[in-house]
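> Would you mind keeping the following structure in view while I ask a few things?
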Amino acid sequence: MTPDRRPQKNINFKFSFSWIYIILIFCIIWMFFNRGGSNPQKIEWEDVKTLVRDGDVKEITFIRNDFEGRVTIRPDRLEKYKDRFGGVVPKQSPHFIFLVSASFNAEEMFGELNASVPEEDRFKVIIENNSKIWGSVIEWLLFPLLLILMWVFMFRGMNRAAGGGPGGIFNVGKSTGKLAEKESIKVTFKDVAGLDGAKEEVMEIVDFLKNPQKYTALGGKIPKGALLVGPPGTGKTLLAKAVAGEANVPFFSISGSDFVEMFVGVGASRVRDLFRQAKEKAPCIVFIDEIDAVGRARSKNVGFSSNDERENTLNQLLTEMDGFDSNSGVIILAATNRADILDKALLRAGRFDRQIHVDLPDLNERAAIFKVHLKGLKLAPDFDVDFLAKHTPGFSGADIANVCNEAALTAARRNKTSIDRQDFLDAVDRIVGGLERKNKIITPSEKKSIAYHEAGHATVSWLLPNASPLFKVTIVPRGQALGAAWYLPEERQLETKEQMIDQMSSLIGGRVAEEIVNGQPSTGALNDLERLTKTAYAMVVYYGMSDKVGTVSYFDSTGSRGYELSKPYSEKTAELIDAEVKALVERIHDRTKEILLANREKFTELAELLLEKEVIFADDMERIFGPRKAQESVFDDNGHDAGTTSEEGEAPSAGTDAGTDAVTDEGTDE
């Protein structure tokens with residue numbers, strides 16, 4: 001017989017405080033349901049004599065040192081006494097008890113009582129001493145002790161929930177930062193794809209932590225703090241951990257919200273304790289994530305429910321950053337996507353005096369990030385990473401990770417053995433546009449209106465050279481959008497007036513197409529009009545692109561006017577701004593209408609093709625309209641029609657946003 005060689009499971013019993021609660025519950029149940037086992041009624045000695053003469057007594061137990069007698073009634077006679085027990089026949093004995101004086105002679109009295117009745121009615125006599133004195137004492141003390149123990153354990157649990165941590169409420173002011181020793185940090189710059197500019201800036205911090213004598217020997221001082229600023233999901237936290245891993249030093253990580261508690265003074269105490277621990281572990285890195293939770297500007301920290309706790313915590317943080325020696329080897333890194341609301345004292349020289357911008361990745365950085373997240377995926381043999389990088393403009397590192405995961409799930413739902421290009425394109429559509437709603441009820445007239453709307457967007461963007469190049473047009477409902485035109489915006493650091501006007505013409509192309517075909521607009525252009533209006537006001541109010549308003553800007557980059565209700569310009573200027581915006585939008589509307597009417601036949605052909613296929617690509621656009629060519633400029637510098645031409649730019653590869661222009665069914669235009 002072959003012996004069983006399967007590995008035996010080791011059963012490890014782990015103690016938990018829940019066992020204590022279970023034991024306490026069982027003890028309480030035992031105390032209430034096992035106190036003597038019965039509820040005897042008290043009677044007098046004369047009543048006992050009557051019971052004996054009636055022949056109802058089965059047994060009498062006399063406790064000599066308690067002077068107490070316990071009477072047990074015969075089972076067949078209990079029915080006659082149920083009225084004394086609340087109408088219920090008692091099931092446990094003794095049924096009656098009686099007390100006597102110290103002069104009571106138990107042997108003599110019970111002997112005489114037994115001799116006075118017939119032999120068949122005589123009862124059994126048991127005389128003993130009570131030896132359970134300590135049991136009674138313990139029984140009375142056990143319940144208060146159990147209550148005290150339960151209160152202690154509950155209090156400890158409340159302390160942990162309130163942030164006190166191990167040791168109870170006395171440790172509520174201790175730092176909650178997590179310490180990662182240098183041996184446990186495996187993340188280096190090789191694991192951080194993209195962020196080339198940010199990595200170059202933090203290399204100086206790494207070099208100082210590795211070779212501090214190189215700087216201190218010359219009298220130099222390394223910056224005490226560096227602030228990582230950038231949009232969400234760009235890898236600020238990962239970059240900070242890579243700095244610690246590259247420098248091979250301990251790494252303290254804590255969130256800004258961990259400093260703020262409901263108890264007064266806890267935040268400042270935790271700041272002091274965090275820096276005390278950091279000095280003991282120096283050289284090290286302290287990373288404070290979402291520092292805007294505690295470092296918000298004190299002038300902006302207003303509110304009817306606010307108190308001084310947040311400001312006290314901020315003041316303590318400012319003090320600690322000035323308090324320790326500049327060459328102590330403690331580097332403070334912090335991350336936020338709201339640098340504009342931070343207190344100015346926090347950003348001055350000597351504290352967070354260096355800001356490292358972690359921007360959205362460009363084309364090459366997106367390709368590198370894709371390669372990192374594609375390592376564990378089974379890809380098709382002819383998979384092109386550069387194609388994905390070109391078709392995900394404005395995506396952060398977190399977005400790219402989400403795309404890779406969603407593509408794997410999409411391929412699995414289709415029972416594929418590998419992930420191909422189409423799976424990734426569908427994943428991008430789902431993440432940006434939302435889930436495809438196949439069961440959306442759309443009438444034929446609405447579907448036609450949506451098709452012509454999207455065809456209007458596509459036609460204008462294809463014919464205007466400065467509009468974003470078109471990638472795909474669809475009338476398949478996704479999320480809140482009934483249809484969408486997908487673009488691949490160019491990577492532009494600056495945008496001219498002509499480029500902005502072409503983009504605005506592309507935005508209003510859908511609404512103008514509805515006016516041409518249906519004779520009236522619909523509510524589907526709500527999102528387009530919102531973006532169009534914001535851009536028009538930005539041109540006039542912020543960028544100084546209006547001759548009548550002038551080369552002025554009312555933009556507040558400092559945010560100091562955040563709580564002012566008045567405008568920074570007069571009512572007369574406000575009327576002029578409104579008039580200029582309205583005139584600009586009307587000129588763009590008329591220009592767009594001219595373009596669509598001049599290409600009415602091709603525009604209609606595109607809409608009919610869209611109704612047939614539901615999804616068309618740039619190849620279909622090129623077949624109908626021909627290659628994109630240089631077009632005449634919309635306006636000259638004075639805002640009038642111009643005849644100059646503009647060369648077509650290079651093939652676009654990326655942009656600053658997702659480039660989605662959706663026809664939504666949200667809201668109505670009145």
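Ordered as shown in the structure tokens, chains take letters A, B, and onward, while each chain numbers its residues from 1 and ligands are numbered from 1 in the order shown.
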As a PyMOL selection string, please: all residues of range 387-554 of chain A that backbone DSSP puts in alpha helix (DSSP H).
chain A and resi 387-390+397-413+421-433+444-463+497-518+526-537
> So that I can see what lies close to Lys186 in chain A, please list as JSON, numbers by chain the residues with an atom at most 9 Å from it, counting only C-alpha atoms and leaving out residues fewer than 5 positions away in the same chain.
{"A": [241, 242, 245, 246]}
> Looking at A:Asn599, A:Asn439, A:Thr410, A:Ser566, which one is nearest to Ala455 in chain A, with distances taken over only C-alpha atoms?
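Ranked by minimum distance to Ala455 in chain A, first place goes to A:Asn599.
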> Residues at most 12 Å from Val372 in chain A, counting only C-alpha atoms, excluding those fewer than 4 positions away in the same chain, as a ChimeraX atom specification?
/A:190-194,365-368,376-377,385,397-398,400-401,404
> Give the answer as one residue: which of A:Lys572, A:Lys375, A:Lys472, A:Arg492 has the shortest atom-to-atom distance to Phe617 in chain A, using only C-alpha atoms?
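Between A:Lys572, A:Lys375, A:Lys472, A:Arg492, the residue approaching Phe617 in chain A most closely is A:Lys472.
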